[in-house]
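Peer 1: The structure is given below, and queries will be raised subsequently.
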Protein chains: 2
Amino acid sequence: MNAPDILEDAERHCSKTGVRLTPLRRRVLELVARANAPVKAYDLLSQIDRANASAKPPTVYRALDFLIDAGLVHRVEALNAFVACPQAGHGHAAVLYICEACTKVTEVQGARPGQEHKPRSFTVKRSVIEHYGRCANCQ
Amino acid sequence: MNAPDILEDAERHCSKTGVRLTPLRRRVLELVARANAPVKAYDLLSQIDRANASAKPPTVYRALDFLIDAGLVHRVEALNAFVACPQAGHGHAAVLYICEACTKVTEVQGARPGQEHKPRSFTVKRSVIEHYGRCANCQ
DNA sequence: TTCCGGATGTGATAACATAACAAAATGCAA
DNA sequence: TTGCATTTTGTTATGTTATCACATCCGGAA
């Protein structure tokens with residue numbers, strides 16, 4: 001999914017849910033979406049910084065936290081990086097396939113996946129499911 | 001699984017596979033195993049430090065890297081922490097259930113789990129599967 | 001207008017991790 | 001057993017990731 005579509009989807013999602021997509025947050029989302037790969041927080045920071053010299057780490061981490069809560073961005077835990085969610089609001093049961101050759105991330109919406117052998121009575125609140133390997137183009 | 005059993009299992013595994021469990025590595029494994037919860041690298045460092053004032057970050061990170069490669073320890077990606085693997089050598093397809101109330105981690109050995117909707121021709125090298133929630137005792 | 005709450009600015013620092021090179025220990029062949 | 005290669009550990013420094021605490025700004029309700 002490309003950046004303009006993601007942004008449009010995000011706008012729609014936010015106005016529907018009453019979530020405030022401020023200019024700063026929108027800018028961060030745009031940078032994440034345009035990247036087409038997992039982006040580091042400090043890379044975002046330096047990009048913001050070109051327009052807004054006052055940007056500091058909390059600026060970008062706060063925006064990212066907001067976008068993650070809103071289901072617009074995922075955190076890639078094993079990379080300490082962030083990707084835009086192609087489907088606003090479906091962000092909480094995502095499975096990520098991350099190609100280590102081309103860095104492309106494919107997101108799959110799974111219905112509570114990966115719990116085949118869940119211990120009895122364990123209640124899952126949040127799942128981190130990241131598969132690393134090679135995509136079809138990079139075999 | 002308790003710490004002595006994990007260590008014993010690790011010893012057996014290492015002598016069988018020719019892997020060198022040096023005193024330092026054994027000490028780190030012991031500390032991770034005794035914790036019964038995910039441990040931070042710098043916490044390990046300060047514990048080592050009491051016996052060995054020369055311990056520095058690379059000391060513990062190197063030992064952890066070794067133990068992870070040997071399948072004796074898992075890294076919990078979303079916590080930046082480490083847990084002992086209860087079954088030496090089966091370390092590479094683990095699914096972790098992490099209770100956010102009591103911090104207890106239950107490990108399940110799954111046969112390449114969580115890939116229900118894998119994109120065509122994606123080759124998975126490594127998977128990170130971490131479920132956060134509440135265990136049976138902490139509902 | 002005044003107050004309030006959410007958002008952002010700002011400086012400092014905490015927490016996590018690795019690079020690069022030195023020294024010591026270990027295993028092994030001659 | 002000596003010498004050499006390899007692995008492991010020590011050491012200094014620094015890079016990277018993330019948060020805290022407090023100040024300021026800004027829009028809307030009273």
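Identifiers in this document derive from the order of the structure tokens: chains are assigned A, B, ..., residues are numbered from 1 separately in each chain, and ligands are numbered from 1 in order of occurrence.
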I need the contact residues of chain D against chain A, so if you could list those with any atom within 12 Å, counting only C-alpha atoms (C1' of nucleotides), and return them as a compact mmCIF listing (two decimals) with N, CA and C atoms (P, O5', C5', C4', C3', O3' and C1' of nucleotides), in the first residue's frame, that would help.
Peer 2:
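To be explicit, this is the file written out as out-v1.txt:
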```txt
# COMPACT_ATOMS: atom_id res chain seq x y z
P DT D 16 24.99 5.33 15.94
O5' DT D 16 23.80 4.78 16.84
C5' DT D 16 23.70 3.40 17.09
C4' DT D 16 22.53 3.15 18.00
C3' DT D 16 21.22 3.84 17.61
O3' DT D 16 20.28 2.81 17.48
C1' DT D 16 21.65 4.09 19.92
P DT D 17 18.80 3.07 16.98
O5' DT D 17 18.04 3.10 18.37
C5' DT D 17 17.97 1.93 19.15
C4' DT D 17 17.25 2.24 20.43
C3' DT D 17 15.88 2.90 20.26
O3' DT D 17 14.93 2.09 20.93
C1' DT D 17 17.14 4.00 21.92
P DA D 18 13.38 2.46 20.97
O5' DA D 18 13.28 3.33 22.30
C5' DA D 18 13.62 2.72 23.53
C4' DA D 18 13.42 3.72 24.65
C3' DA D 18 12.07 4.44 24.64
O3' DA D 18 11.35 3.97 25.76
C1' DA D 18 13.86 5.93 25.18
P DT D 19 9.88 4.57 26.11
O5' DT D 19 10.22 5.60 27.28
C5' DT D 19 11.05 5.15 28.34
C4' DT D 19 11.37 6.29 29.28
C3' DT D 19 10.16 7.10 29.74
O3' DT D 19 10.11 7.02 31.16
C1' DT D 19 11.94 8.52 29.11
P DC D 20 8.85 7.62 31.98
O5' DC D 20 9.55 8.77 32.85
C5' DC D 20 10.96 8.71 33.06
C4' DC D 20 11.43 9.97 33.79
C3' DC D 20 10.31 10.77 34.45
O3' DC D 20 10.82 11.30 35.67
C1' DC D 20 11.40 12.11 32.84
P DA D 21 9.73 11.90 36.78
O5' DA D 21 10.02 13.47 36.72
C5' DA D 21 11.34 13.94 36.45
C4' DA D 21 11.28 15.42 36.19
C3' DA D 21 10.04 16.11 36.76
O3' DA D 21 10.43 17.35 37.29
C1' DA D 21 10.15 16.49 34.45
```
Peer 1: Residues of chain A that approach chain C to 12 Å or less, counting only C-alpha atoms (C1' of nucleotides): could you list each one with the shortest pair of atoms and its distance in Å to one decimal, rows by chain and increasing residue number, as CSV?
Peer 2:
```
residue,atom,partner,partner_atom,distance
A:Arg20,CA,C:DA7,C1',10.2
A:Leu21,CA,C:DA7,C1',11.1
A:Thr22,CA,C:DA7,C1',8.8
A:Pro23,CA,C:DA7,C1',10.9
A:Leu24,CA,C:DT8,C1',9.1
A:Arg25,CA,C:DA7,C1',10.4
A:Asn52,CA,C:DG9,C1',11.0
A:Ala53,CA,C:DG9,C1',10.6
A:Ser54,CA,C:DG9,C1',6.9
A:Ala55,CA,C:DG9,C1',7.9
A:Lys56,CA,C:DT10,C1',8.0
A:Pro57,CA,C:DT10,C1',10.4
A:Pro58,CA,C:DT8,C1',9.4
A:Thr59,CA,C:DT8,C1',7.3
A:Val60,CA,C:DT8,C1',10.7
A:Arg62,CA,C:DT8,C1',9.6
A:Ala63,CA,C:DA7,C1',10.1
A:Phe66,CA,C:DA7,C1',11.3
A:Asn80,CA,C:DC16,C1',11.1
```
Peer 1: Grab the residues selected above and save them as a compact mmCIF listing (two decimals), in the first residue's frame with all heavy atoms.
Peer 2:
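File selection_7.txt, as written:
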```txt
# COMPACT_ATOMS: atom_id res chain seq x y z
N ARG A 20 -7.59 12.79 17.26
CA ARG A 20 -7.00 14.05 16.74
C ARG A 20 -5.69 13.84 16.02
O ARG A 20 -4.63 13.73 16.64
CB ARG A 20 -6.77 15.02 17.89
CG ARG A 20 -8.07 15.58 18.46
CD ARG A 20 -7.77 16.64 19.49
NE ARG A 20 -6.88 17.69 18.97
CZ ARG A 20 -6.49 18.73 19.67
NH1 ARG A 20 -6.87 18.85 20.93
NH2 ARG A 20 -5.69 19.63 19.15
N LEU A 21 -5.75 13.84 14.73
CA LEU A 21 -4.53 13.72 13.93
C LEU A 21 -3.99 15.13 13.67
O LEU A 21 -4.30 15.75 12.66
CB LEU A 21 -4.85 13.01 12.61
CG LEU A 21 -3.65 12.52 11.80
CD1 LEU A 21 -2.84 11.50 12.56
CD2 LEU A 21 -4.12 11.92 10.48
N THR A 22 -3.17 15.59 14.59
CA THR A 22 -2.61 16.95 14.48
C THR A 22 -1.58 17.00 13.36
O THR A 22 -1.14 15.96 12.86
CB THR A 22 -1.93 17.35 15.80
OG1 THR A 22 -0.82 16.46 16.01
CG2 THR A 22 -2.89 17.26 16.97
N PRO A 23 -1.16 18.21 12.97
CA PRO A 23 -0.16 18.33 11.91
C PRO A 23 1.12 17.56 12.21
O PRO A 23 1.66 16.88 11.33
CB PRO A 23 0.11 19.84 11.84
CG PRO A 23 -1.16 20.47 12.31
CD PRO A 23 -1.69 19.54 13.37
N LEU A 24 1.59 17.64 13.44
CA LEU A 24 2.81 16.92 13.80
C LEU A 24 2.61 15.41 13.65
O LEU A 24 3.45 14.70 13.08
CB LEU A 24 3.20 17.26 15.24
CG LEU A 24 4.41 16.53 15.79
CD1 LEU A 24 5.67 16.85 15.01
CD2 LEU A 24 4.61 16.87 17.26
N ARG A 25 1.52 14.91 14.17
CA ARG A 25 1.25 13.47 14.10
C ARG A 25 1.07 13.02 12.66
O ARG A 25 1.54 11.96 12.26
CB ARG A 25 -0.03 13.16 14.90
CG ARG A 25 0.18 13.31 16.39
CD ARG A 25 -1.14 13.36 17.13
NE ARG A 25 -0.92 13.45 18.56
CZ ARG A 25 -1.89 13.67 19.43
NH1 ARG A 25 -3.14 13.83 19.02
NH2 ARG A 25 -1.62 13.73 20.72
N ASN A 52 11.44 21.54 11.38
CA ASN A 52 11.08 22.02 12.72
C ASN A 52 12.27 21.78 13.65
O ASN A 52 12.38 20.73 14.27
CB ASN A 52 9.85 21.23 13.19
CG ASN A 52 9.51 21.53 14.63
OD1 ASN A 52 10.14 22.37 15.28
ND2 ASN A 52 8.50 20.85 15.13
N ALA A 53 13.14 22.77 13.73
CA ALA A 53 14.39 22.60 14.45
C ALA A 53 14.18 22.27 15.92
O ALA A 53 15.09 21.83 16.59
CB ALA A 53 15.25 23.85 14.31
N SER A 54 12.97 22.49 16.40
CA SER A 54 12.73 22.26 17.82
C SER A 54 12.43 20.80 18.12
O SER A 54 12.22 20.44 19.27
CB SER A 54 11.59 23.13 18.30
OG SER A 54 10.38 22.63 17.80
N ALA A 55 12.37 19.96 17.12
CA ALA A 55 12.03 18.56 17.37
C ALA A 55 13.11 17.88 18.22
O ALA A 55 14.30 17.99 17.95
CB ALA A 55 11.84 17.81 16.06
N LYS A 56 12.65 17.20 19.23
CA LYS A 56 13.52 16.47 20.16
C LYS A 56 12.98 15.06 20.28
O LYS A 56 11.86 14.79 19.84
CB LYS A 56 13.49 17.16 21.53
CG LYS A 56 13.94 18.61 21.52
CD LYS A 56 15.44 18.71 21.48
CE LYS A 56 15.91 20.16 21.49
NZ LYS A 56 15.36 20.99 20.39
N PRO A 57 13.72 14.14 20.90
CA PRO A 57 13.21 12.77 20.99
C PRO A 57 11.76 12.66 21.47
O PRO A 57 10.98 11.95 20.84
CB PRO A 57 14.20 12.07 21.91
CG PRO A 57 15.48 12.79 21.68
CD PRO A 57 15.11 14.22 21.42
N PRO A 58 11.38 13.34 22.54
CA PRO A 58 9.98 13.15 22.97
C PRO A 58 8.97 13.53 21.90
O PRO A 58 7.87 12.97 21.86
CB PRO A 58 9.87 14.09 24.17
CG PRO A 58 11.24 14.19 24.70
CD PRO A 58 12.13 14.17 23.48
N THR A 59 9.32 14.48 21.04
CA THR A 59 8.42 14.87 19.97
C THR A 59 8.01 13.66 19.15
O THR A 59 6.83 13.40 18.93
CB THR A 59 9.13 15.89 19.05
OG1 THR A 59 9.65 16.95 19.83
CG2 THR A 59 8.18 16.44 18.00
N VAL A 60 9.00 12.93 18.71
CA VAL A 60 8.70 11.81 17.82
C VAL A 60 8.17 10.60 18.59
O VAL A 60 7.23 9.94 18.14
CB VAL A 60 9.94 11.46 16.95
CG1 VAL A 60 11.08 10.98 17.80
CG2 VAL A 60 9.59 10.41 15.91
N ARG A 62 6.36 10.66 21.28
CA ARG A 62 4.97 10.91 21.63
C ARG A 62 4.05 10.71 20.44
O ARG A 62 2.98 10.11 20.56
CB ARG A 62 4.82 12.31 22.21
CG ARG A 62 5.29 12.37 23.65
CD ARG A 62 4.88 13.65 24.34
NE ARG A 62 5.61 14.79 23.83
CZ ARG A 62 6.21 15.70 24.58
NH1 ARG A 62 6.18 15.58 25.88
NH2 ARG A 62 6.82 16.71 24.04
N ALA A 63 4.49 11.21 19.30
CA ALA A 63 3.67 11.03 18.10
C ALA A 63 3.53 9.55 17.77
O ALA A 63 2.44 9.07 17.43
CB ALA A 63 4.28 11.79 16.93
N PHE A 66 1.14 7.80 20.08
CA PHE A 66 -0.23 8.13 19.70
C PHE A 66 -0.67 7.30 18.50
O PHE A 66 -1.76 6.70 18.50
CB PHE A 66 -0.34 9.61 19.38
CG PHE A 66 -1.67 9.98 18.79
CD1 PHE A 66 -2.73 10.32 19.61
CD2 PHE A 66 -1.87 9.94 17.42
CE1 PHE A 66 -3.97 10.62 19.07
CE2 PHE A 66 -3.10 10.25 16.87
CZ PHE A 66 -4.15 10.57 17.69
N ASN A 80 13.42 -2.44 16.81
CA ASN A 80 13.25 -1.10 17.37
C ASN A 80 12.91 -0.11 16.27
O ASN A 80 13.56 0.92 16.11
CB ASN A 80 14.51 -0.64 18.10
CG ASN A 80 14.80 -1.47 19.31
OD1 ASN A 80 13.91 -2.04 19.93
ND2 ASN A 80 16.08 -1.58 19.65
```
Peer 1: As a PDB file with N, CA, C and O atoms, in the first residue's frame, could you give me every residue of chain B near chain A (at most 6 Å apart, counting only C-alpha atoms)?
Peer 2:
```pdb
ATOM      1  N   GLU B  77      11.908  -9.920  23.044  1.00  0.00           N
ATOM      2  CA  GLU B  77      12.160  -8.726  22.235  1.00  0.00           C
ATOM      3  C   GLU B  77      11.435  -7.492  22.755  1.00  0.00           C
ATOM      4  O   GLU B  77      12.001  -6.406  22.802  1.00  0.00           O
ATOM      5  N   ALA B  78      10.194  -7.664  23.133  1.00  0.00           N
ATOM      6  CA  ALA B  78       9.409  -6.494  23.509  1.00  0.00           C
ATOM      7  C   ALA B  78       9.744  -5.984  24.906  1.00  0.00           C
ATOM      8  O   ALA B  78       9.247  -4.943  25.324  1.00  0.00           O
ATOM      9  N   PRO B 113       5.186 -22.048  14.459  1.00  0.00           N
ATOM     10  CA  PRO B 113       3.829 -21.596  14.715  1.00  0.00           C
ATOM     11  C   PRO B 113       3.576 -20.202  14.150  1.00  0.00           C
ATOM     12  O   PRO B 113       4.504 -19.494  13.765  1.00  0.00           O
ATOM     13  N   GLY B 114       2.320 -19.838  14.118  1.00  0.00           N
ATOM     14  CA  GLY B 114       1.937 -18.466  13.792  1.00  0.00           C
ATOM     15  C   GLY B 114       2.032 -18.115  12.334  1.00  0.00           C
ATOM     16  O   GLY B 114       2.011 -16.956  11.963  1.00  0.00           O
ATOM     17  N   SER B 121       5.674 -18.007  -0.855  1.00  0.00           N
ATOM     18  CA  SER B 121       7.114 -18.003  -1.116  1.00  0.00           C
ATOM     19  C   SER B 121       7.932 -17.211  -0.107  1.00  0.00           C
ATOM     20  O   SER B 121       9.116 -16.988  -0.320  1.00  0.00           O
ATOM     21  N   PHE B 122       7.339 -16.790   0.969  1.00  0.00           N
ATOM     22  CA  PHE B 122       8.151 -16.179   2.022  1.00  0.00           C
ATOM     23  C   PHE B 122       8.823 -17.312   2.797  1.00  0.00           C
ATOM     24  O   PHE B 122       8.160 -18.253   3.233  1.00  0.00           O
ATOM     25  N   THR B 123      10.145 -17.228   2.946  1.00  0.00           N
ATOM     26  CA  THR B 123      10.893 -18.238   3.691  1.00  0.00           C
ATOM     27  C   THR B 123      11.225 -17.706   5.074  1.00  0.00           C
ATOM     28  O   THR B 123      11.974 -16.741   5.197  1.00  0.00           O
ATOM     29  N   VAL B 124      10.672 -18.307   6.084  1.00  0.00           N
ATOM     30  CA  VAL B 124      10.884 -17.825   7.443  1.00  0.00           C
ATOM     31  C   VAL B 124      12.185 -18.393   7.998  1.00  0.00           C
ATOM     32  O   VAL B 124      12.389 -19.604   7.989  1.00  0.00           O
ATOM     33  N   LYS B 125      13.072 -17.492   8.469  1.00  0.00           N
ATOM     34  CA  LYS B 125      14.328 -17.908   9.088  1.00  0.00           C
ATOM     35  C   LYS B 125      14.208 -17.932  10.608  1.00  0.00           C
ATOM     36  O   LYS B 125      14.815 -18.730  11.285  1.00  0.00           O
ATOM     37  N   ARG B 126      13.476 -16.959  11.116  1.00  0.00           N
ATOM     38  CA  ARG B 126      13.410 -16.789  12.565  1.00  0.00           C
ATOM     39  C   ARG B 126      12.082 -16.131  12.895  1.00  0.00           C
ATOM     40  O   ARG B 126      11.641 -15.232  12.166  1.00  0.00           O
ATOM     41  N   SER B 127      11.452 -16.588  13.969  1.00  0.00           N
ATOM     42  CA  SER B 127      10.173 -15.999  14.352  1.00  0.00           C
ATOM     43  C   SER B 127      10.236 -15.467  15.773  1.00  0.00           C
ATOM     44  O   SER B 127      10.869 -16.071  16.635  1.00  0.00           O
ATOM     45  N   VAL B 128       9.586 -14.349  15.970  1.00  0.00           N
ATOM     46  CA  VAL B 128       9.438 -13.779  17.306  1.00  0.00           C
ATOM     47  C   VAL B 128       7.962 -13.851  17.644  1.00  0.00           C
ATOM     48  O   VAL B 128       7.148 -13.205  16.981  1.00  0.00           O
ATOM     49  N   ILE B 129       7.620 -14.687  18.603  1.00  0.00           N
ATOM     50  CA  ILE B 129       6.211 -14.835  18.966  1.00  0.00           C
ATOM     51  C   ILE B 129       6.084 -14.684  20.472  1.00  0.00           C
ATOM     52  O   ILE B 129       6.540 -15.534  21.242  1.00  0.00           O
ATOM     53  N   GLU B 130       5.502 -13.562  20.863  1.00  0.00           N
ATOM     54  CA  GLU B 130       5.372 -13.234  22.284  1.00  0.00           C
ATOM     55  C   GLU B 130       3.942 -12.806  22.560  1.00  0.00           C
ATOM     56  O   GLU B 130       3.459 -11.856  21.956  1.00  0.00           O
ATOM     57  N   HIS B 131       3.300 -13.529  23.473  1.00  0.00           N
ATOM     58  CA  HIS B 131       1.939 -13.171  23.857  1.00  0.00           C
ATOM     59  C   HIS B 131       1.967 -12.566  25.251  1.00  0.00           C
ATOM     60  O   HIS B 131       2.479 -13.192  26.190  1.00  0.00           O
ATOM     61  N   TYR B 132       1.392 -11.372  25.387  1.00  0.00           N
ATOM     62  CA  TYR B 132       1.357 -10.682  26.677  1.00  0.00           C
ATOM     63  C   TYR B 132      -0.059 -10.705  27.214  1.00  0.00           C
ATOM     64  O   TYR B 132      -1.012 -10.496  26.460  1.00  0.00           O
ATOM     65  N   GLY B 133      -0.183 -10.959  28.509  1.00  0.00           N
ATOM     66  CA  GLY B 133      -1.508 -11.005  29.094  1.00  0.00           C
ATOM     67  C   GLY B 133      -1.441 -11.435  30.537  1.00  0.00           C
ATOM     68  O   GLY B 133      -0.560 -10.980  31.263  1.00  0.00           O
ATOM     69  N   ARG B 134      -2.364 -12.305  30.918  1.00  0.00           N
ATOM     70  CA  ARG B 134      -2.403 -12.758  32.303  1.00  0.00           C
ATOM     71  C   ARG B 134      -2.475 -14.273  32.371  1.00  0.00           C
ATOM     72  O   ARG B 134      -3.257 -14.896  31.664  1.00  0.00           O
ATOM     73  N   CYS B 135      -1.654 -14.809  33.253  1.00  0.00           N
ATOM     74  CA  CYS B 135      -1.613 -16.262  33.386  1.00  0.00           C
ATOM     75  C   CYS B 135      -2.774 -16.728  34.261  1.00  0.00           C
ATOM     76  O   CYS B 135      -3.516 -15.917  34.827  1.00  0.00           O
ATOM     77  N   ALA B 136      -2.898 -18.042  34.370  1.00  0.00           N
ATOM     78  CA  ALA B 136      -4.032 -18.634  35.091  1.00  0.00           C
ATOM     79  C   ALA B 136      -4.147 -18.119  36.523  1.00  0.00           C
ATOM     80  O   ALA B 136      -5.248 -17.885  37.018  1.00  0.00           O
TER      81      ALA B 136
END
```
Peer 1: Skipping near chain neighbours, those fewer than 4 positions away, what residues fall within 9 Å of B:Ala33 using only C-alpha atoms (C1' of nucleotides), listed as a PyMOL selection string?
Peer 2: chain B and resi 1-4+6-7+28-29+37+73+83-86
Peer 1: Can I get the selected residues back with C-alpha atoms, as a compact mmCIF listing (two decimals), in the first residue's frame?
Peer 2:
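Once everything was written out, this is result31.txt:
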```txt
# COMPACT_ATOMS: atom_id res chain seq x y z
CA MET B 1 11.50 -25.50 35.56
CA ASN B 2 13.94 -24.58 38.27
CA ALA B 3 17.46 -23.26 37.97
CA PRO B 4 19.48 -26.36 38.97
CA ILE B 6 18.13 -25.93 33.70
CA LEU B 7 21.85 -25.79 34.45
CA VAL B 28 25.32 -15.76 33.38
CA LEU B 29 23.09 -18.69 32.55
CA ALA B 37 11.40 -13.97 35.09
CA VAL B 73 18.49 -18.50 26.52
CA VAL B 83 14.84 -15.82 29.91
CA ALA B 84 16.39 -19.23 30.30
CA CYS B 85 15.18 -21.89 27.93
CA PRO B 86 13.83 -24.85 29.90
```
Peer 1: Near A:Val39, counting only C-alpha atoms (C1' of nucleotides), which residues have an atom at most 9 Å away, once you skip same-chain residues fewer than 4 positions from it, shown as a PyMOL selection string?
Peer 2: chain A and resi 31-32+35+43-44+80-83
Peer 1: Between atom C1' of D:DC22 and atom CA of A:Leu64, what is the distance, to one decimal in Å?
Peer 2: 21.5 Å
Peer 1: Among chain A, which ones does DSSP place in helix (DSSP H, G or I), written as a PyMOL selection string?
Peer 2: chain A and resi 3-17+23-35+41-51+57-69+77-79+91-93+136-138
Peer 1: Could you pull out all residues of chain B with a DSSP call of strand (DSSP E) and give them as a count of residues only?
Peer 2: 31
Peer 1: Report, in Å with one decimal, the straight-line distance from atom CA of A:Gly89 to atom CA of A:Ala10.
Peer 2: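 Separating atom CA of A:Gly89 from atom CA of A:Ala10 is a distance of 8.5 Å.
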Peer 1: Just how far from atom CA of A:Gln47 is atom CA of A:Leu72, in Å to one decimal?
Peer 2: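 That distance, rounded to one decimal, is 19.4 Å.
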